[in-house]
>>> print(open('entry-v2.txt').read())   # compact mmCIF, C-alpha atoms
# COMPACT_ATOMS: atom_id res chain seq x y z
CA MET A 1 -6.69 60.24 -18.14
CA SER A 2 -7.22 62.47 -15.20
CA LYS A 3 -10.90 61.94 -15.39
CA PHE A 4 -10.42 58.22 -15.36
CA ARG A 5 -8.19 58.28 -12.31
CA LYS A 6 -10.52 60.56 -10.43
CA ASN A 7 -13.43 58.31 -11.19
CA GLY A 8 -11.58 55.24 -10.00
CA SER A 9 -10.44 56.67 -6.74
CA LYS A 10 -13.79 58.10 -5.92
CA SER A 11 -16.08 55.18 -6.68
CA MET A 12 -13.80 52.40 -5.43
CA PRO A 13 -13.21 52.46 -1.69
CA ALA A 14 -10.44 50.24 -0.35
CA ILE A 15 -11.47 46.61 -0.01
CA SER A 16 -11.91 45.71 3.58
CA THR A 17 -9.34 43.17 4.72
CA ALA A 18 -11.06 42.61 8.02
CA SER A 19 -12.20 39.13 6.98
CA LEU A 20 -8.77 38.11 5.77
CA PRO A 21 -7.77 36.58 9.12
CA ASP A 22 -10.94 34.53 9.09
CA ILE A 23 -10.14 33.10 5.69
CA VAL A 24 -6.57 32.40 6.68
CA PHE A 25 -7.68 30.76 9.89
CA MET A 26 -10.03 28.57 7.96
CA LEU A 27 -7.20 27.40 5.75
CA LEU A 28 -4.99 27.02 8.78
CA PHE A 29 -7.46 24.74 10.53
CA PHE A 30 -7.87 22.69 7.40
CA PHE A 31 -4.16 22.06 7.16
CA MET A 32 -3.81 21.48 10.88
CA VAL A 33 -6.45 18.79 10.78
CA THR A 34 -5.16 17.07 7.67
CA THR A 35 -1.50 17.18 8.61
CA VAL A 36 0.14 13.93 9.45
CA MET A 37 3.49 14.54 11.00
CA ARG A 38 6.21 12.19 9.94
CA GLU A 39 6.60 9.82 12.83
CA THR A 40 9.73 7.93 12.02
CA THR A 41 13.04 8.96 10.58
CA LEU A 42 14.09 6.56 7.92
CA PHE A 43 17.43 4.88 8.38
CA VAL A 44 17.01 2.79 5.29
CA SER A 45 16.53 4.09 1.79
CA VAL A 46 13.28 2.87 0.35
CA VAL A 47 12.14 3.24 -3.23
CA THR A 48 9.03 1.14 -3.49
CA PRO A 49 8.40 -0.76 -6.70
CA LYS A 50 5.80 0.35 -9.19
CA ALA A 51 2.52 -1.41 -9.75
CA THR A 52 -0.74 -0.75 -11.51
CA GLU A 53 -3.25 -2.81 -9.55
CA ILE A 54 -2.99 -0.84 -6.37
CA LYS A 55 -5.45 -0.04 -3.65
CA LYS A 56 -5.54 2.81 -1.24
CA MET A 57 -4.83 1.94 2.32
CA GLU A 58 -7.61 2.66 4.70
CA LYS A 59 -7.41 3.59 8.35
CA LYS A 60 -3.88 4.80 8.71
CA SER A 61 -4.04 4.43 12.47
CA LEU A 62 -4.36 0.67 12.12
CA VAL A 63 -1.31 0.26 9.94
CA SER A 64 2.09 -0.69 11.25
CA TYR A 65 5.03 -0.20 8.99
CA ILE A 66 8.05 -2.35 8.38
CA TYR A 67 10.79 -0.74 6.32
CA ILE A 68 13.25 -2.84 4.42
CA GLY A 69 16.17 -1.48 2.46
CA SER A 70 19.85 -0.79 2.54
CA PRO A 71 20.96 1.75 5.18
CA VAL A 72 21.19 5.39 4.13
CA LYS A 73 24.60 6.87 3.28
CA ARG A 74 25.45 8.25 6.70
CA MET A 75 24.63 4.93 8.38
CA GLN A 76 26.55 2.78 5.95
CA SER A 77 29.84 3.09 7.79
CA SER A 78 28.42 1.38 10.86
CA TYR A 79 25.73 -0.81 9.37
CA GLY A 80 27.04 -1.79 5.96
CA THR A 81 25.11 -1.80 2.72
CA SER A 82 23.17 -5.03 2.88
CA ALA A 83 19.42 -4.80 3.33
CA ARG A 84 18.21 -4.21 6.87
CA ILE A 85 14.86 -4.07 8.59
CA GLN A 86 13.71 -0.95 10.37
CA LEU A 87 10.96 -1.02 12.95
CA ASN A 88 9.90 2.30 14.44
CA ASP A 89 13.10 4.23 15.00
CA ALA A 90 15.72 1.53 15.04
CA PHE A 91 17.24 -1.26 13.03
CA ALA A 92 15.89 -4.64 13.96
CA ASP A 93 16.39 -8.31 13.38
CA VAL A 94 13.80 -10.59 11.88
CA GLY A 95 13.28 -12.12 15.31
CA GLU A 96 12.05 -8.83 16.74
CA ILE A 97 9.04 -8.62 14.45
CA GLN A 98 6.77 -10.73 16.62
CA GLU A 99 7.51 -8.49 19.57
CA PHE A 100 6.89 -5.43 17.42
CA ILE A 101 3.48 -6.73 16.35
CA ALA A 102 2.63 -7.51 19.95
CA THR A 103 3.43 -3.97 21.11
CA GLU A 104 1.49 -2.52 18.18
CA ARG A 105 -1.49 -4.60 19.19
CA GLU A 106 -1.33 -3.52 22.80
CA ALA A 107 -1.78 0.08 21.79
CA LYS A 108 -4.99 -0.66 19.91
CA ASP A 109 -8.48 -1.52 20.91
CA GLU A 110 -9.26 -5.21 21.04
CA LYS A 111 -12.00 -4.85 18.46
CA GLU A 112 -9.63 -3.28 15.99
CA ILE A 113 -7.00 -6.02 16.06
CA PRO A 114 -8.46 -8.08 13.19
CA TYR A 115 -8.37 -5.00 10.98
CA MET A 116 -4.75 -4.20 11.63
CA THR A 117 -2.56 -4.26 8.57
CA THR A 118 1.16 -4.53 8.25
CA SER A 119 2.61 -2.48 5.46
CA LEU A 120 5.85 -3.72 3.99
CA LYS A 121 7.74 -0.77 2.65
CA ALA A 122 10.55 -2.51 0.88
CA ASP A 123 13.06 -1.20 -1.57
CA GLU A 124 12.74 -2.68 -5.03
CA THR A 125 16.31 -3.94 -5.00
CA VAL A 126 15.77 -6.05 -1.89
CA LYS A 127 15.96 -9.81 -2.33
CA MET A 128 12.97 -11.96 -1.50
CA GLY A 129 14.87 -13.88 1.17
CA ILE A 130 14.45 -11.18 3.77
CA ILE A 131 10.83 -10.57 2.74
CA THR A 132 10.06 -14.26 3.05
CA ASP A 133 11.57 -14.31 6.54
CA ILE A 134 9.42 -11.34 7.53
CA LYS A 135 6.32 -12.97 6.10
CA GLN A 136 7.02 -16.14 8.06
CA GLU A 137 7.42 -14.10 11.23
CA LEU A 138 4.17 -12.29 10.55
CA ARG A 139 2.44 -15.59 10.06
CA LYS A 140 3.80 -16.77 13.38
CA ALA A 141 2.55 -13.57 15.01
CA ASN A 142 -0.81 -14.13 13.31
CA ALA A 143 -0.67 -10.72 11.62
CA LEU A 144 -2.03 -11.98 8.35
CA LYS A 145 -3.18 -8.82 6.65
CA ILE A 146 -0.27 -7.36 4.78
CA ASN A 147 0.18 -4.74 2.17
CA TYR A 148 3.08 -4.47 -0.21
CA SER A 149 3.60 -0.76 -0.48
CA THR A 150 3.96 0.30 -4.09
CA ARG A 151 3.91 3.40 -6.20
CA LYS A 152 1.44 3.89 -8.99
CA GLY A 153 3.03 3.58 -12.36
CA LYS A 154 3.96 1.36 -15.23
CA TYR A 155 7.24 -0.44 -15.49
CA MET B 1 -18.15 57.32 19.87
CA ALA B 2 -15.67 58.90 22.17
CA SER B 3 -17.58 57.85 25.26
CA LYS B 4 -17.49 54.24 24.16
CA ARG B 5 -13.76 54.19 23.73
CA ARG B 6 -12.99 55.59 27.13
CA GLY B 7 -13.15 52.33 29.07
CA LEU B 8 -11.15 49.84 27.05
CA PRO B 9 -9.06 50.68 24.04
CA GLU B 10 -9.61 48.16 21.26
CA ILE B 11 -6.72 45.78 20.68
CA ASN B 12 -5.29 46.16 17.25
CA ALA B 13 -6.02 42.96 15.41
CA GLY B 14 -4.21 43.98 12.27
CA SER B 15 -1.33 41.59 12.83
CA MET B 16 -3.57 38.63 13.45
CA ALA B 17 -3.53 37.82 9.78
CA ASP B 18 0.26 37.78 9.81
CA ILE B 19 0.39 35.33 12.68
CA ALA B 20 -2.21 33.15 11.06
CA PHE B 21 -0.27 33.24 7.81
CA LEU B 22 2.86 32.19 9.60
CA LEU B 23 1.14 29.18 11.12
CA LEU B 24 -0.56 28.41 7.85
CA ILE B 25 2.72 28.33 5.98
CA PHE B 26 4.23 26.10 8.64
CA PHE B 27 1.46 23.55 8.28
CA LEU B 28 1.50 23.83 4.52
CA VAL B 29 5.16 22.92 4.48
CA THR B 30 4.92 20.05 6.94
CA THR B 31 1.81 18.49 5.45
CA THR B 32 2.27 15.27 3.59
CA MET B 33 -0.74 14.54 1.50
CA ASP B 34 0.51 11.23 0.13
CA ILE B 35 -1.89 8.36 0.54
CA ASP B 36 -0.29 5.02 1.00
CA THR B 37 -1.05 2.66 -1.78
CA GLY B 38 -0.11 -0.91 -2.28
CA ILE B 39 -1.09 -4.44 -3.12
CA ALA B 40 -3.05 -5.99 -0.31
CA ARG B 41 -2.55 -9.66 0.41
CA LYS B 42 -3.57 -12.04 3.10
CA LEU B 43 -1.04 -14.50 4.45
CA PRO B 44 -2.14 -18.04 5.18
CA PRO B 45 -2.19 -18.93 8.85
CA MET B 46 0.61 -21.10 10.14
CA PRO B 47 -0.20 -24.78 9.63
CA GLU B 48 -1.01 -26.52 12.85
CA GLU B 49 1.34 -29.30 13.78
CA ASP B 50 -1.20 -32.03 14.35
CA GLN B 51 -2.98 -31.28 11.13
CA PRO B 52 -1.51 -33.09 8.15
CA GLU B 53 -1.58 -31.26 4.88
CA ASP B 54 -3.73 -32.91 2.29
CA ASP B 55 -3.67 -30.92 -0.90
CA SER B 56 -3.66 -34.15 -2.88
CA GLN B 57 -7.37 -33.78 -3.63
CA ILE B 58 -6.77 -30.76 -5.79
CA ASN B 59 -6.67 -31.74 -9.41
CA ALA B 60 -3.37 -30.87 -11.02
CA ARG B 61 -5.08 -29.10 -13.90
CA ASN B 62 -6.58 -26.60 -11.48
CA ILE B 63 -3.21 -25.40 -10.30
CA TYR B 64 -1.28 -22.83 -12.28
CA VAL B 65 2.28 -23.10 -11.14
CA VAL B 66 4.35 -19.94 -11.35
CA LEU B 67 7.97 -20.20 -10.31
CA ILE B 68 10.45 -17.36 -10.16
CA ASN B 69 14.10 -18.24 -9.89
CA SER B 70 16.98 -16.32 -8.41
CA SER B 71 17.82 -14.65 -11.72
CA ASN B 72 14.23 -13.37 -12.00
CA GLN B 73 13.14 -15.78 -14.72
CA LEU B 74 9.66 -17.18 -14.84
CA LEU B 75 8.72 -20.80 -15.16
CA VAL B 76 5.00 -21.14 -15.74
CA GLU B 77 3.47 -24.62 -15.90
CA GLY B 78 6.87 -26.05 -16.70
CA GLU B 79 7.71 -23.61 -19.46
CA MET B 80 9.76 -20.46 -19.53
CA MET B 81 7.62 -17.40 -19.96
CA ASP B 82 8.17 -13.69 -20.30
CA ILE B 83 6.47 -11.50 -17.73
CA SER B 84 4.51 -9.72 -20.46
CA GLN B 85 2.67 -12.95 -21.29
CA LEU B 86 1.83 -13.82 -17.72
CA ARG B 87 -1.35 -11.77 -17.53
CA ASP B 88 -2.90 -13.39 -20.60
CA GLY B 89 -1.64 -16.77 -19.53
CA ALA B 90 -3.25 -16.45 -16.13
CA LYS B 91 -6.46 -15.12 -17.64
CA SER B 92 -6.84 -18.01 -20.06
CA PHE B 93 -6.07 -20.41 -17.23
CA ILE B 94 -8.68 -18.96 -14.87
CA ASP B 95 -11.35 -18.43 -17.48
CA ASN B 96 -10.87 -21.78 -19.17
CA ASN B 97 -14.11 -23.35 -17.89
CA GLY B 98 -12.98 -26.85 -18.78
CA ILE B 99 -12.43 -26.21 -22.47
CA ARG B 100 -8.77 -27.09 -22.56
CA GLU B 101 -7.63 -30.28 -20.89
CA ASP B 102 -4.60 -28.81 -19.18
CA LEU B 103 -6.19 -25.65 -17.79
CA SER B 104 -8.68 -25.08 -14.99
CA GLU B 105 -12.13 -26.64 -14.80
CA ASN B 106 -13.75 -23.41 -13.69
CA PRO B 107 -12.67 -20.10 -12.16
CA GLU B 108 -13.86 -21.17 -8.73
CA LYS B 109 -11.48 -24.09 -8.63
CA ALA B 110 -8.57 -22.32 -10.24
CA ILE B 111 -5.62 -21.79 -7.95
CA ILE B 112 -2.48 -19.95 -8.81
CA SER B 113 0.51 -21.31 -7.01
CA LEU B 114 3.35 -18.86 -6.73
CA GLN B 115 6.76 -19.84 -5.57
CA ASN B 116 9.84 -17.72 -5.49
CA ASP B 117 13.44 -18.18 -4.60
CA ARG B 118 15.19 -16.38 -1.79
CA GLY B 119 17.34 -14.70 -4.39
CA THR B 120 14.43 -13.33 -6.41
CA SER B 121 14.33 -9.55 -6.41
CA TYR B 122 11.42 -7.87 -4.68
CA LYS B 123 10.74 -5.83 -7.78
CA MET B 124 10.19 -8.96 -9.87
CA TYR B 125 8.00 -10.48 -7.17
CA ILE B 126 5.79 -7.40 -7.08
CA ARG B 127 5.59 -7.40 -10.86
CA VAL B 128 4.38 -10.97 -10.86
CA GLN B 129 1.91 -10.26 -8.06
CA ASN B 130 0.75 -7.24 -10.00
CA GLU B 131 0.24 -9.19 -13.21
CA LEU B 132 -1.74 -11.87 -11.40
CA ALA B 133 -3.86 -9.26 -9.65
CA ALA B 134 -4.38 -7.56 -13.00
CA ALA B 135 -5.55 -10.82 -14.55
CA TYR B 136 -8.16 -11.22 -11.83
CA ASN B 137 -9.18 -7.58 -11.97
CA GLU B 138 -9.68 -7.71 -15.72
CA LEU B 139 -11.80 -10.82 -15.46
CA ARG B 140 -13.84 -9.33 -12.64
CA ASN B 141 -14.32 -6.15 -14.58
CA LYS B 142 -15.50 -8.09 -17.59
CA ALA B 143 -17.96 -10.07 -15.50
CA ALA B 144 -19.16 -6.94 -13.72
CA LEU B 145 -19.70 -5.13 -17.01
CA SER B 146 -21.71 -7.93 -18.54
CA LYS B 147 -23.72 -8.61 -15.41
CA PHE B 148 -24.32 -5.18 -13.93
CA GLY B 149 -23.11 -2.86 -16.65
CA GLU B 150 -20.60 -1.23 -14.36
CA ARG B 151 -16.96 -1.64 -13.56
CA TYR B 152 -16.12 -3.83 -10.59
CA ASN B 153 -14.86 -0.97 -8.46
CA ASP B 154 -18.05 1.06 -9.03
CA LEU B 155 -20.35 -1.70 -7.86
CA ASN B 156 -21.88 -1.79 -4.43
CA LYS B 157 -20.63 -4.23 -1.80
CA VAL B 158 -23.24 -6.91 -2.44
CA ASP B 159 -22.65 -7.00 -6.17
CA GLN B 160 -18.89 -6.97 -5.66
CA LYS B 161 -19.25 -10.01 -3.45
CA GLU B 162 -21.19 -11.78 -6.16
CA ILE B 163 -18.48 -11.08 -8.70
CA ARG B 164 -15.86 -12.18 -6.23
CA LYS B 165 -17.74 -15.45 -5.90
CA ILE B 166 -17.41 -16.05 -9.62
CA TYR B 167 -13.74 -15.14 -9.66
CA PRO B 168 -12.29 -15.79 -6.23
CA GLN B 169 -8.71 -14.66 -6.08
CA LYS B 170 -6.81 -17.74 -5.03
CA ILE B 171 -3.14 -17.09 -5.07
CA SER B 172 -1.32 -19.58 -2.96
CA GLU B 173 2.25 -19.13 -1.97
CA ALA B 174 4.13 -22.29 -1.23
CA GLU B 175 6.38 -22.57 1.78
CA PRO B 176 9.63 -20.87 0.83
CA LYS B 177 12.44 -22.88 -0.62
CA ASN B 178 16.01 -22.11 -1.40
CA ILE B 179 16.51 -23.32 -4.92
CA GLY B 180 19.04 -20.86 -6.19
CA GLY B 181 21.43 -21.54 -3.35
CA ASN B 182 22.02 -17.95 -2.28
CA SER B 183 20.79 -16.32 0.86
>>> encode(input="entry-v2.txt", output="C-alpha cells")
Amino acid sequence: MSKFRKNGSKSMPAISTASLPDIVFMLLFFFMVTTVMRETTLFVSVVTPKATEIKKMEKKSLVSYIYIGSPVKRMQSSYGTSARIQLNDAFADVGEIQEFIATEREAKDEKEIPYMTTSLKADETVKMGIITDIKQELRKANALKINYSTRKGKY
Amino acid sequence: MASKRRGLPEINAGSMADIAFLLLIFFLVTTTMDIDTGIARKLPPMPEEDQPEDDSQINARNIYVVLINSSNQLLVEGEMMDISQLRDGAKSFIDNNGIREDLSENPEKAIISLQNDRGTSYKMYIRVQNELAAAYNELRNKAALSKFGERYNDLNKVDQKEIRKIYPQKISEAEPKNIGGNS
C-alpha cells in the first residue's frame, strides 16, 4: 500500500491547469456566438400544434413573427380570454398587421424583401377566423411567404 | 530569474478561469437552441379588381374539394371523411393519371381545393394541411426513389426541381366564407 502511494505521488506530477481558461474561453465564445436572446416577451400563451411534415426555417433574421393566442394569466383581467394577436411587444388589432409588415420591411435590405417570411405562431385552440383575417391582411400587404409554426410530433 | 521579475510583477491569472466560467454559465443558461420549424405555405396574391376570375376552364375532375366545417368535420368530394383517410384519398386523387373517371387526369393538373370555416380550429386546419403535405411528400419520395434512387430531401436542387415538376404541390385555398355562422 505504502509503496503504491509513494509510486503514484512521485511519478504523477499535478496536471497543469494553465490551459483551462483557454478551453473555457473557447466554449464561452461558442455560446456567445450561438446565443439568440429572446427578443419579445409573450403576452399570449402559445402551444403550437403538432405536425410531421415540417421544415426548418432558414434565415432567422428575415422572419417576422405574429403570435396568436389567448392572453396569459396575469393579462386576462384586463384583456379577457379570447384569442388576441401580439406583434412585437404589444397586443394588436388585425388592422395593424399591414403597418407591422411595412416597418419590418423598412429595417431590411431591399434585396432581401422577397425572401422575408412571416411566421404565424398560433395556439392550437385558436379558431380559424382570426387566422383567416391575418392571412387576408398579409395578402393585402403582399407578404405572401408564410410559415405555420408547428412542433414535431404525431397527433 | 530574480532579475527578470524585478520590473513588473506578473499578474495572477488564476482567477481568469473562474470569470470565464461565470460568463460561460450565463450564456449556457440564456441560450435557446430551438430551431423554428413549421409548414411553409405561399399565399396567393390579392386578385386585381379589373381582372375577372376565370377558373371555369379547370375540369371539375381535377379539383379535389376538401371542406372543413366549424365542428372540425371533413367533407371531401361531397362525402364525409375521417382525417386518417385523407392522406390516402389525396394520394389516389393526385396519382390517378386518368384511370378513374372522377379523379385527376394527371398529377400536374391536380389541384386540391381547401376551404375552412371561420369556426374551424387551428389544430384541425394544421392537421389537414399536414396530411395534404404528407400526401405530396410521399408521392415525391416515391418518384425520387424510382428515378434517382434517393429520397426527395437528399436530392440536389436540380433533381428536386424535376420531381417537383412531376408532382407540383397545388393547394388552393378559396376565399374565406362563414358557413358555420360563428365568428
>>> residues_around(input="entry-v2.txt", residues="range 7-21 of chain B", least_positions_apart="2", cutoff="12 Å", atoms="all atoms listed in the file", output="PyMOL selection string")
(chain A and resi 16-29+31-32) or (chain B and resi 1-5+23-28)
>>> residues_around(input="entry-v2.txt", residues="Ala51 in chain A", least_positions_apart="3", cutoff="8 Å", atoms="only C-alpha atoms", output="PDB file with C-alpha atoms, in the coordinates of the input")
ATOM      1  CA  ILE A  54      -2.990  -0.840  -6.370  1.00  0.00           C
ATOM      2  CA  THR A 150       3.960   0.300  -4.090  1.00  0.00           C
ATOM      3  CA  ARG A 151       3.910   3.400  -6.200  1.00  0.00           C
ATOM      4  CA  LYS A 152       1.440   3.890  -8.990  1.00  0.00           C
ATOM      5  CA  GLY A 153       3.030   3.580 -12.360  1.00  0.00           C
ATOM      6  CA  LYS A 154       3.960   1.360 -15.230  1.00  0.00           C
ATOM      7  CA  TYR A 155       7.240  -0.440 -15.490  1.00  0.00           C
TER       8      TYR A 155
ATOM      9  CA  GLY B  38      -0.110  -0.910  -2.280  1.00  0.00           C
ATOM     10  CA  ILE B 126       5.790  -7.400  -7.080  1.00  0.00           C
ATOM     11  CA  ARG B 127       5.590  -7.400 -10.860  1.00  0.00           C
ATOM     12  CA  ASN B 130       0.750  -7.240 -10.000  1.00  0.00           C
TER      13      ASN B 130
END
>>> closest_atom_pairs(input="entry-v2.txt", of="chain A", to="chain B", cutoff="9 Å", atoms="only C-alpha atoms", output="Markdown table")
| residue | atom | partner | partner_atom | distance |
| --- | --- | --- | --- | --- |
| A:Ala18 | CA | B:Gly14 | CA | 8.2 |
| A:Leu20 | CA | B:Ala17 | CA | 6.6 |
| A:Pro21 | CA | B:Ala17 | CA | 4.5 |
| A:Asp22 | CA | B:Ala17 | CA | 8.1 |
| A:Val24 | CA | B:Ala20 | CA | 6.2 |
| A:Phe25 | CA | B:Ala20 | CA | 6.1 |
| A:Leu27 | CA | B:Leu24 | CA | 7.0 |
| A:Leu28 | CA | B:Leu24 | CA | 4.7 |
| A:Phe29 | CA | B:Leu24 | CA | 8.3 |
| A:Phe31 | CA | B:Phe27 | CA | 5.9 |
| A:Met32 | CA | B:Phe27 | CA | 6.2 |
| A:Thr34 | CA | B:Thr31 | CA | 7.5 |
| A:Thr35 | CA | B:Thr31 | CA | 4.8 |
| A:Val36 | CA | B:Thr31 | CA | 6.3 |
| A:Met37 | CA | B:Thr30 | CA | 7.0 |
| A:Arg38 | CA | B:Thr32 | CA | 8.1 |
| A:Thr48 | CA | B:Lys123 | CA | 8.4 |
| A:Pro49 | CA | B:Lys123 | CA | 5.7 |
| A:Lys50 | CA | B:Arg127 | CA | 7.9 |
| A:Ala51 | CA | B:Asn130 | CA | 6.1 |
| A:Thr52 | CA | B:Asn130 | CA | 6.8 |
| A:Glu53 | CA | B:Ala134 | CA | 6.0 |
| A:Ile54 | CA | B:Gly38 | CA | 5.0 |
| A:Lys55 | CA | B:Thr37 | CA | 5.5 |
| A:Lys56 | CA | B:Thr37 | CA | 4.5 |
| A:Met57 | CA | B:Thr37 | CA | 5.6 |
| A:Glu58 | CA | B:Asp36 | CA | 8.5 |
| A:Lys60 | CA | B:Asp36 | CA | 8.5 |
| A:Ser119 | CA | B:Gly38 | CA | 8.4 |
| A:Ala122 | CA | B:Tyr122 | CA | 7.8 |
| A:Asp123 | CA | B:Tyr122 | CA | 7.5 |
| A:Glu124 | CA | B:Lys123 | CA | 4.6 |
| A:Thr125 | CA | B:Ser121 | CA | 6.1 |
| A:Val126 | CA | B:Tyr122 | CA | 5.5 |
| A:Lys127 | CA | B:Ser121 | CA | 4.4 |
| A:Met128 | CA | B:Arg118 | CA | 5.0 |
| A:Gly129 | CA | B:Arg118 | CA | 3.9 |
| A:Ile130 | CA | B:Arg118 | CA | 7.6 |
| A:Ile131 | CA | B:Tyr122 | CA | 7.9 |
| A:Thr132 | CA | B:Pro176 | CA | 7.0 |
| A:Asp133 | CA | B:Pro176 | CA | 8.9 |
| A:Lys135 | CA | B:Leu43 | CA | 7.7 |
| A:Gln136 | CA | B:Met46 | CA | 8.4 |
| A:Leu138 | CA | B:Leu43 | CA | 8.3 |
| A:Arg139 | CA | B:Met46 | CA | 5.8 |
| A:Lys140 | CA | B:Met46 | CA | 6.3 |
| A:Asn142 | CA | B:Pro45 | CA | 6.7 |
| A:Ala143 | CA | B:Leu43 | CA | 8.1 |
| A:Leu144 | CA | B:Leu43 | CA | 4.7 |
| A:Lys145 | CA | B:Lys42 | CA | 4.8 |
| A:Ile146 | CA | B:Arg41 | CA | 5.4 |
| A:Asn147 | CA | B:Ala40 | CA | 4.3 |
| A:Tyr148 | CA | B:Ile39 | CA | 5.1 |
| A:Ser149 | CA | B:Gly38 | CA | 4.1 |
| A:Thr150 | CA | B:Gly38 | CA | 4.6 |
| A:Arg151 | CA | B:Thr37 | CA | 6.7 |
| A:Lys152 | CA | B:Thr37 | CA | 7.7 |
| A:Tyr155 | CA | B:Arg127 | CA | 8.5 |
>>> closest_residue(input="entry-v2.txt", among="A:Ile134, A:Asp109, A:Val47, A:Leu62", to="Asp93 in chain A", atoms="all atoms listed in the file")
A:Ile134
>>> residues_around(input="entry-v2.txt", residues="Gly80 in chain A", least_positions_apart="2", cutoff="12 Å", atoms="only C-alpha atoms", output="ChimeraX atom specification")
/A:43-44,69-78,82-84
>>> write_last_selection(input="entry-v2.txt", atoms="C-alpha atoms", output="JSON list (two decimals), keeping the file's coordinate frame")
[["chain", "number", "residue", "atom", "x", "y", "z"],
["A", 43, "PHE", "CA", 17.43, 4.88, 8.38],
["A", 44, "VAL", "CA", 17.01, 2.79, 5.29],
["A", 69, "GLY", "CA", 16.17, -1.48, 2.46],
["A", 70, "SER", "CA", 19.85, -0.79, 2.54],
["A", 71, "PRO", "CA", 20.96, 1.75, 5.18],
["A", 72, "VAL", "CA", 21.19, 5.39, 4.13],
["A", 73, "LYS", "CA", 24.60, 6.87, 3.28],
["A", 74, "ARG", "CA", 25.45, 8.25, 6.70],
["A", 75, "MET", "CA", 24.63, 4.93, 8.38],
["A", 76, "GLN", "CA", 26.55, 2.78, 5.95],
["A", 77, "SER", "CA", 29.84, 3.09, 7.79],
["A", 78, "SER", "CA", 28.42, 1.38, 10.86],
["A", 82, "SER", "CA", 23.17, -5.03, 2.88],
["A", 83, "ALA", "CA", 19.42, -4.80, 3.33],
["A", 84, "ARG", "CA", 18.21, -4.21, 6.87]]
>>> atom_distance(input="entry-v2.txt", atom1="CA of Thr117 in chain A", atom2="CA of Ser64 in chain A")
6.4 Å
>>> atom_distance(input="entry-v2.txt", atom1="CA of Leu42 in chain A", atom2="CA of Thr81 in chain A")
14.8 Å
>>> residues_around(input="entry-v2.txt", residues="range 153-168 of chain B", least_positions_apart="3", cutoff="8 Å", atoms="all atoms listed in the file", output="PyMOL selection string")
chain B and resi 107-108+136+139-140+143-144+150
